[in-house]
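Trainee: Right, I'll just put the structure down here and ask away after.
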Amino acid sequence: MMRALAAGAAALLLAGCQAKEEPPPPIRPVLYTLAKPLDRVTFGPFSGTVEPRYQSQLGFRIGGRVVARDVTVGDVVKKGQRLAALDPIVTRFALTRAEADVADARAQSENASATETRTRKLIEGSNVTQAQLDQAVANRDTALARLAQAQSSLQKARDQIGYTELHADFDGVVTERRAEVGQDLSAGQTVVTVARPEVREAVVDIPEGLIGAMPRDGRFTVSLQSAPEITAIGTVREIAPFADERTRTRRIRMTLADPPSALTAGMAISRNVSRSV
């Protein structure tokens, strides 16, 4: 009897010393997504602006001090309209001097021609030598050359009077001004930039690494950021050959096909393309 009780106690003691069984680990959630076939791939969107394709930096052909600037940024100008003017006093003095030079040269030419005519008559009677006649002919030719030179200088002075006013060569919109009244300008220095508004294009900078992923047809949908419902189709016209050193982007220029009037120069746009796969 005692042996049975001792054996039971020993069994209970051993059972109490055994390690408790660990609970099963919690079930971890699995992230998954449902694979679906895609029939279209979207490239973009990218932000950019609308810019005129053709624009010219206009300046005076001569230097001088600005006395008038008739336009500013955003003004619509017509062909032949005055944009700015220089002080004409210096050019007027040059014109007066050129006119005086022509009058003097003409008088010298007439005198040399008359001397040559008299010398030619005198040589018929052997009253002068051949050397004197040759000298009279040379003087006449020299006077005629000086007259032609003076007349060219006069024409130049007259042209420079017209160069004191800067006129628009075509209908357009002023997009930039770089001169103010009272400023001294050198010949050719830009006064205003005029753009042709009839030909517009979209300009967007795209990361260099995405250039290879552009669609082969190069057609994009361009929309206004302020009014996404206003859209136009743009076709790539030019891709910058090198990336910008700071942003590492390539500039893309696209021709807009029949753009709506709301897509004016300077407007912010977005562009993207969806294509079938």
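Within each chain, counting starts at residue 1; across the structure tokens, chains are named A, B, ... in the order shown, with ligands numbered 1 upward in that order.
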Can you pull out every residue within 10 Å of Asp159 in chain A, counting only C-alpha atoms, but drop anything in the same chain fewer than 5 positions away, and send it as a PDB file with N, CA, C and O atoms, in the first residue's frame?

Mentor:
```pdb
ATOM      1  N   THR A  91      21.650 112.002 -84.305  1.00  0.00           N
ATOM      2  CA  THR A  91      21.496 111.576 -85.696  1.00  0.00           C
ATOM      3  C   THR A  91      21.115 112.754 -86.594  1.00  0.00           C
ATOM      4  O   THR A  91      21.498 112.782 -87.768  1.00  0.00           O
ATOM      5  N   LEU A  95      23.126 114.009 -89.868  1.00  0.00           N
ATOM      6  CA  LEU A  95      22.483 114.229 -91.154  1.00  0.00           C
ATOM      7  C   LEU A  95      22.848 115.601 -91.713  1.00  0.00           C
ATOM      8  O   LEU A  95      23.144 115.743 -92.916  1.00  0.00           O
ATOM      9  N   SER A 153      27.378 108.507 -97.541  1.00  0.00           N
ATOM     10  CA  SER A 153      27.314 108.892 -96.133  1.00  0.00           C
ATOM     11  C   SER A 153      26.002 109.607 -95.820  1.00  0.00           C
ATOM     12  O   SER A 153      25.420 109.436 -94.744  1.00  0.00           O
ATOM     13  N   LEU A 154      25.519 110.400 -96.766  1.00  0.00           N
ATOM     14  CA  LEU A 154      24.236 111.077 -96.583  1.00  0.00           C
ATOM     15  C   LEU A 154      23.093 110.078 -96.504  1.00  0.00           C
ATOM     16  O   LEU A 154      22.201 110.204 -95.652  1.00  0.00           O
ATOM     17  N   THR A 164      16.111 105.509 -85.318  1.00  0.00           N
ATOM     18  CA  THR A 164      15.846 105.989 -83.960  1.00  0.00           C
ATOM     19  C   THR A 164      14.483 105.543 -83.449  1.00  0.00           C
ATOM     20  O   THR A 164      14.178 105.743 -82.271  1.00  0.00           O
TER      21      THR A 164
END
```

Trainee: Skipping near chain neighbours, those fewer than 6 positions away, what residues fall within 12 Å of Arg178 in chain A using only C-alpha atoms, listed as a ChimeraX atom specification?

Mentor: /A:57-59,66,69,71-73,84,184-185,189-194

Trainee: Let me see the file: selected residues, all heavy atoms, as a compact mmCIF listing (two decimals), in the first residue's frame.

Mentor:
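Written file, out35.txt:
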```
# COMPACT_ATOMS: atom_id res chain seq x y z
N GLN A 57 13.61 88.86 -80.51
CA GLN A 57 14.14 89.89 -79.62
C GLN A 57 14.49 91.10 -80.48
O GLN A 57 15.40 91.04 -81.31
CB GLN A 57 15.36 89.38 -78.86
CG GLN A 57 15.05 88.22 -77.92
CD GLN A 57 16.27 87.71 -77.19
OE1 GLN A 57 17.41 87.98 -77.59
NE2 GLN A 57 16.07 87.00 -76.11
N LEU A 58 13.78 92.19 -80.28
CA LEU A 58 13.92 93.38 -81.12
C LEU A 58 14.75 94.44 -80.41
O LEU A 58 14.59 94.67 -79.21
CB LEU A 58 12.53 93.94 -81.48
CG LEU A 58 11.56 92.95 -82.13
CD1 LEU A 58 10.24 93.64 -82.44
CD2 LEU A 58 12.16 92.34 -83.39
N GLY A 59 15.63 95.09 -81.19
CA GLY A 59 16.46 96.16 -80.65
C GLY A 59 16.79 97.17 -81.74
O GLY A 59 16.54 96.94 -82.93
N VAL A 66 17.19 106.03 -74.68
CA VAL A 66 15.77 105.78 -74.89
C VAL A 66 14.95 106.97 -74.38
O VAL A 66 15.12 107.40 -73.24
CB VAL A 66 15.32 104.49 -74.17
CG1 VAL A 66 13.83 104.24 -74.39
CG2 VAL A 66 16.12 103.30 -74.66
N ARG A 69 9.11 104.48 -74.61
CA ARG A 69 8.82 103.05 -74.71
C ARG A 69 7.31 102.93 -74.69
O ARG A 69 6.67 103.19 -73.68
CB ARG A 69 9.45 102.27 -73.56
CG ARG A 69 9.19 100.77 -73.64
CD ARG A 69 9.84 100.02 -72.49
NE ARG A 69 9.45 100.53 -71.20
CZ ARG A 69 8.28 100.28 -70.61
NH1 ARG A 69 7.38 99.54 -71.22
NH2 ARG A 69 8.02 100.79 -69.43
N VAL A 71 5.22 100.27 -75.33
CA VAL A 71 4.52 99.01 -75.04
C VAL A 71 5.11 98.39 -73.78
O VAL A 71 6.21 98.74 -73.34
CB VAL A 71 4.65 98.01 -76.21
CG1 VAL A 71 3.95 98.54 -77.44
CG2 VAL A 71 6.11 97.71 -76.52
N THR A 72 4.37 97.45 -73.21
CA THR A 72 4.83 96.69 -72.07
C THR A 72 4.40 95.24 -72.23
O THR A 72 3.77 94.87 -73.22
CB THR A 72 4.28 97.28 -70.75
OG1 THR A 72 4.89 96.62 -69.63
CG2 THR A 72 2.77 97.11 -70.68
N VAL A 73 4.75 94.41 -71.26
CA VAL A 73 4.47 92.98 -71.37
C VAL A 73 2.96 92.73 -71.45
O VAL A 73 2.18 93.30 -70.67
CB VAL A 73 5.07 92.23 -70.17
CG1 VAL A 73 4.70 90.75 -70.22
CG2 VAL A 73 6.58 92.38 -70.16
N ALA A 84 9.37 101.69 -79.45
CA ALA A 84 10.22 102.54 -78.62
C ALA A 84 10.94 103.52 -79.53
O ALA A 84 10.90 103.39 -80.76
CB ALA A 84 11.23 101.70 -77.82
N ASP A 184 20.67 104.12 -71.61
CA ASP A 184 21.56 104.17 -72.76
C ASP A 184 21.75 102.76 -73.30
O ASP A 184 22.13 101.84 -72.55
CB ASP A 184 22.91 104.77 -72.40
CG ASP A 184 22.82 106.26 -72.13
OD1 ASP A 184 22.01 106.92 -72.80
OD2 ASP A 184 23.55 106.76 -71.25
N LEU A 185 21.50 102.59 -74.58
CA LEU A 185 21.58 101.27 -75.21
C LEU A 185 22.69 101.24 -76.24
O LEU A 185 23.01 102.25 -76.86
CB LEU A 185 20.25 100.92 -75.88
CG LEU A 185 18.99 100.92 -75.01
CD1 LEU A 185 17.78 100.57 -75.87
CD2 LEU A 185 19.13 99.94 -73.86
N GLN A 189 21.12 95.87 -78.78
CA GLN A 189 20.67 95.44 -77.45
C GLN A 189 19.15 95.26 -77.44
O GLN A 189 18.41 96.10 -77.95
CB GLN A 189 21.10 96.46 -76.41
CG GLN A 189 20.79 96.05 -74.97
CD GLN A 189 21.38 97.02 -73.96
OE1 GLN A 189 22.23 97.86 -74.30
NE2 GLN A 189 20.93 96.94 -72.73
N THR A 190 18.68 94.19 -76.82
CA THR A 190 17.26 93.86 -76.83
C THR A 190 16.45 94.88 -76.05
O THR A 190 16.80 95.24 -74.91
CB THR A 190 17.02 92.46 -76.24
OG1 THR A 190 17.73 91.49 -77.01
CG2 THR A 190 15.54 92.12 -76.25
N VAL A 191 15.37 95.36 -76.65
CA VAL A 191 14.45 96.28 -76.00
C VAL A 191 13.19 95.53 -75.56
O VAL A 191 12.78 95.59 -74.40
CB VAL A 191 14.09 97.45 -76.93
CG1 VAL A 191 13.08 98.37 -76.27
CG2 VAL A 191 15.34 98.22 -77.32
N VAL A 192 12.56 94.81 -76.48
CA VAL A 192 11.38 94.01 -76.18
C VAL A 192 11.46 92.70 -76.95
O VAL A 192 12.16 92.60 -77.96
CB VAL A 192 10.07 94.75 -76.53
CG1 VAL A 192 9.86 95.97 -75.66
CG2 VAL A 192 10.06 95.13 -78.01
N THR A 193 10.73 91.71 -76.47
CA THR A 193 10.58 90.44 -77.17
C THR A 193 9.13 90.31 -77.60
O THR A 193 8.22 90.45 -76.78
CB THR A 193 10.97 89.26 -76.27
OG1 THR A 193 12.33 89.41 -75.85
CG2 THR A 193 10.82 87.94 -77.01
N VAL A 194 8.92 90.07 -78.89
CA VAL A 194 7.58 89.95 -79.45
C VAL A 194 7.39 88.53 -79.98
O VAL A 194 8.25 88.02 -80.70
CB VAL A 194 7.35 90.98 -80.57
CG1 VAL A 194 5.95 90.85 -81.16
CG2 VAL A 194 7.56 92.40 -80.04
```

Trainee: Based on the backbone DSSP call, show me all residues of range 34-176 of chain A assigned alpha helix (DSSP H), as a VMD selection string.

Mentor: chain A and resid 89 to 124 130 to 162

Trainee: Using only C-alpha atoms, which residue out of A:Arg53, A:Arg106, A:Arg61, A:Lys79 lies closest to Leu147 in chain A?

Mentor: A:Arg106

Trainee: Go through range 188-268 of chain A and collect every residue that DSSP, computed from the backbone, puts in strand (DSSP E or B); the answer should be as a PyMOL selection string.

Mentor: chain A and resi 190-195+200-207+219-224+231-239+249-257+268

Trainee: Would you work out the distance separating CA of Arg158 in chain A from CA of Arg92 in chain A, expressed in Å to one decimal?

Mentor: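 CA of Arg92 in chain A lies at a distance of 8.6 Å from CA of Arg158 in chain A.
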
Trainee: In terms of the shortest atom-to-atom distance over only C-alpha atoms, which of A:Ala227, A:Val90, A:Ala265, A:Ile206 is closest to Thr249 in chain A?

Mentor: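 Closest to Thr249 in chain A, using only C-alpha atoms: A:Ile206.
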
Trainee: Find the residues around Gly172 in chain A up to 7 Å (only C-alpha atoms counted), leave out those fewer than 6 positions away in its own chain, and share them as number ranges by chain.

Mentor: A: 76-78, 194-197

Trainee: Produce a file of the selected residues containing N, CA and C atoms, as a PDB file, in the first residue's frame.

Mentor:
```pdb
ATOM      1  N   VAL A  76      -0.736  93.716 -77.184  1.00  0.00           N
ATOM      2  CA  VAL A  76      -0.870  93.196 -78.546  1.00  0.00           C
ATOM      3  C   VAL A  76      -0.443  94.291 -79.512  1.00  0.00           C
ATOM      4  N   VAL A  77       0.497  93.993 -80.402  1.00  0.00           N
ATOM      5  CA  VAL A  77       1.021  94.986 -81.320  1.00  0.00           C
ATOM      6  C   VAL A  77       0.732  94.561 -82.752  1.00  0.00           C
ATOM      7  N   LYS A  78       0.650  95.543 -83.634  1.00  0.00           N
ATOM      8  CA  LYS A  78       0.427  95.321 -85.059  1.00  0.00           C
ATOM      9  C   LYS A  78       1.712  95.607 -85.838  1.00  0.00           C
ATOM     10  N   VAL A 194       8.921  90.068 -78.888  1.00  0.00           N
ATOM     11  CA  VAL A 194       7.578  89.954 -79.450  1.00  0.00           C
ATOM     12  C   VAL A 194       7.390  88.533 -79.978  1.00  0.00           C
ATOM     13  N   ALA A 195       6.273  87.922 -79.607  1.00  0.00           N
ATOM     14  CA  ALA A 195       5.981  86.545 -80.009  1.00  0.00           C
ATOM     15  C   ALA A 195       4.804  86.521 -80.962  1.00  0.00           C
ATOM     16  N   ARG A 196       4.831  85.524 -81.851  1.00  0.00           N
ATOM     17  CA  ARG A 196       3.707  85.294 -82.757  1.00  0.00           C
ATOM     18  C   ARG A 196       2.700  84.389 -82.052  1.00  0.00           C
ATOM     19  N   PRO A 197       1.496  84.854 -81.774  1.00  0.00           N
ATOM     20  CA  PRO A 197       0.552  84.048 -80.993  1.00  0.00           C
ATOM     21  C   PRO A 197      -0.158  82.972 -81.798  1.00  0.00           C
TER      22      PRO A 197
END
```

Trainee: May I have the residues within 7 Å of range 250-258 of chain A as a PyMOL selection string, using only C-alpha atoms and disregarding those fewer than 3 positions away in the same chain?

Mentor: chain A and resi 200-208+232-240+242-244

Trainee: Deliver the residues from the most recent selection as a file, using N, CA and C atoms, as a PDB file, in the first residue's frame.

Mentor:
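Heads up, here's the output in result.pdb:
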```pdb
ATOM      1  N   ARG A 200       1.350  78.030 -81.391  1.00  0.00           N
ATOM      2  CA  ARG A 200       1.662  77.743 -79.988  1.00  0.00           C
ATOM      3  C   ARG A 200       2.115  76.301 -79.839  1.00  0.00           C
ATOM      4  N   GLU A 201       2.919  76.072 -78.820  1.00  0.00           N
ATOM      5  CA  GLU A 201       3.384  74.727 -78.543  1.00  0.00           C
ATOM      6  C   GLU A 201       3.477  74.511 -77.042  1.00  0.00           C
ATOM      7  N   ALA A 202       3.429  73.234 -76.641  1.00  0.00           N
ATOM      8  CA  ALA A 202       3.548  72.864 -75.240  1.00  0.00           C
ATOM      9  C   ALA A 202       5.002  72.531 -74.936  1.00  0.00           C
ATOM     10  N   VAL A 203       5.494  73.049 -73.819  1.00  0.00           N
ATOM     11  CA  VAL A 203       6.874  72.822 -73.404  1.00  0.00           C
ATOM     12  C   VAL A 203       6.855  72.164 -72.025  1.00  0.00           C
ATOM     13  N   VAL A 204       7.445  70.969 -71.939  1.00  0.00           N
ATOM     14  CA  VAL A 204       7.439  70.186 -70.709  1.00  0.00           C
ATOM     15  C   VAL A 204       8.827  69.608 -70.489  1.00  0.00           C
ATOM     16  N   ASP A 205       9.254  69.561 -69.220  1.00  0.00           N
ATOM     17  CA  ASP A 205      10.512  68.929 -68.843  1.00  0.00           C
ATOM     18  C   ASP A 205      10.224  67.538 -68.289  1.00  0.00           C
ATOM     19  N   ILE A 206      10.858  66.524 -68.871  1.00  0.00           N
ATOM     20  CA  ILE A 206      10.655  65.126 -68.496  1.00  0.00           C
ATOM     21  C   ILE A 206      11.957  64.564 -67.949  1.00  0.00           C
ATOM     22  N   PRO A 207      11.901  63.803 -66.833  1.00  0.00           N
ATOM     23  CA  PRO A 207      13.136  63.189 -66.320  1.00  0.00           C
ATOM     24  C   PRO A 207      13.856  62.402 -67.400  1.00  0.00           C
ATOM     25  N   GLU A 208      15.174  62.497 -67.376  1.00  0.00           N
ATOM     26  CA  GLU A 208      15.978  61.882 -68.422  1.00  0.00           C
ATOM     27  C   GLU A 208      15.759  60.373 -68.490  1.00  0.00           C
ATOM     28  N   ALA A 232      -6.045  69.510 -75.821  1.00  0.00           N
ATOM     29  CA  ALA A 232      -5.572  69.545 -77.204  1.00  0.00           C
ATOM     30  C   ALA A 232      -4.572  68.408 -77.379  1.00  0.00           C
ATOM     31  N   ILE A 233      -4.380  68.001 -78.618  1.00  0.00           N
ATOM     32  CA  ILE A 233      -3.432  66.940 -78.926  1.00  0.00           C
ATOM     33  C   ILE A 233      -2.104  67.567 -79.336  1.00  0.00           C
ATOM     34  N   GLY A 234      -1.025  67.126 -78.671  1.00  0.00           N
ATOM     35  CA  GLY A 234       0.304  67.625 -78.984  1.00  0.00           C
ATOM     36  C   GLY A 234       1.186  66.538 -79.556  1.00  0.00           C
ATOM     37  N   THR A 235       1.946  66.882 -80.579  1.00  0.00           N
ATOM     38  CA  THR A 235       2.881  65.962 -81.213  1.00  0.00           C
ATOM     39  C   THR A 235       4.300  66.447 -80.975  1.00  0.00           C
ATOM     40  N   VAL A 236       5.164  65.555 -80.530  1.00  0.00           N
ATOM     41  CA  VAL A 236       6.534  65.926 -80.204  1.00  0.00           C
ATOM     42  C   VAL A 236       7.233  66.471 -81.447  1.00  0.00           C
ATOM     43  N   ARG A 237       7.763  67.687 -81.323  1.00  0.00           N
ATOM     44  CA  ARG A 237       8.506  68.328 -82.409  1.00  0.00           C
ATOM     45  C   ARG A 237      10.005  68.312 -82.152  1.00  0.00           C
ATOM     46  N   GLU A 238      10.373  68.431 -80.896  1.00  0.00           N
ATOM     47  CA  GLU A 238      11.804  68.544 -80.581  1.00  0.00           C
ATOM     48  C   GLU A 238      12.060  67.987 -79.192  1.00  0.00           C
ATOM     49  N   ILE A 239      13.147  67.232 -79.061  1.00  0.00           N
ATOM     50  CA  ILE A 239      13.606  66.719 -77.777  1.00  0.00           C
ATOM     51  C   ILE A 239      15.013  67.258 -77.550  1.00  0.00           C
ATOM     52  N   ALA A 240      15.217  67.901 -76.405  1.00  0.00           N
ATOM     53  CA  ALA A 240      16.533  68.464 -76.120  1.00  0.00           C
ATOM     54  C   ALA A 240      17.587  67.359 -76.151  1.00  0.00           C
ATOM     55  N   PHE A 242      20.471  67.215 -74.726  1.00  0.00           N
ATOM     56  CA  PHE A 242      21.183  67.038 -73.469  1.00  0.00           C
ATOM     57  C   PHE A 242      20.256  67.368 -72.306  1.00  0.00           C
ATOM     58  N   ALA A 243      20.517  66.721 -71.168  1.00  0.00           N
ATOM     59  CA  ALA A 243      19.727  66.962 -69.964  1.00  0.00           C
ATOM     60  C   ALA A 243      20.242  68.201 -69.241  1.00  0.00           C
ATOM     61  N   ASP A 244      19.337  68.855 -68.511  1.00  0.00           N
ATOM     62  CA  ASP A 244      19.722  70.003 -67.705  1.00  0.00           C
ATOM     63  C   ASP A 244      20.679  69.554 -66.605  1.00  0.00           C
TER      64      ASP A 244
END
```

Trainee: What separation in Å, quoted to one decimal, exists between CA of Leu133 in chain A and CA of Glu116 in chain A?

Mentor: 6.9 Å

Trainee: CA of Ser56 in chain A to CA of Asp87 in chain A: how many Å, to one decimal?

Mentor: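 Pair CA of Ser56 in chain A / CA of Asp87 in chain A returns 23.6 Å.
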
Trainee: Skip Asp104 in chain A itself and residues of its chain fewer than 5 positions away, then list as a PyMOL selection string all residues within 9 Å of it, counting only C-alpha atoms.

Mentor: chain A and resi 99+109+147+150

Trainee: Residues of the last selection are to be written out with N, CA and C atoms, as a CSV table (one decimal), in the first residue's frame.

Mentor:
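And here is the file that came out, out-v5.csv:
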```csv
chain,number,residue,atom,x,y,z
A,99,GLU,N,24.8,116.3,-95.3
A,99,GLU,CA,24.3,117.1,-96.3
A,99,GLU,C,25.3,118.2,-96.7
A,109,SER,N,33.5,118.6,-107.4
A,109,SER,CA,33.4,117.8,-108.6
A,109,SER,C,33.1,118.7,-109.8
A,147,LEU,N,32.5,112.7,-104.2
A,147,LEU,CA,31.1,113.0,-104.2
A,147,LEU,C,30.2,111.7,-104.0
A,150,ALA,N,30.4,110.9,-100.3
A,150,ALA,CA,29.6,111.8,-99.5
A,150,ALA,C,28.1,111.5,-99.7
```
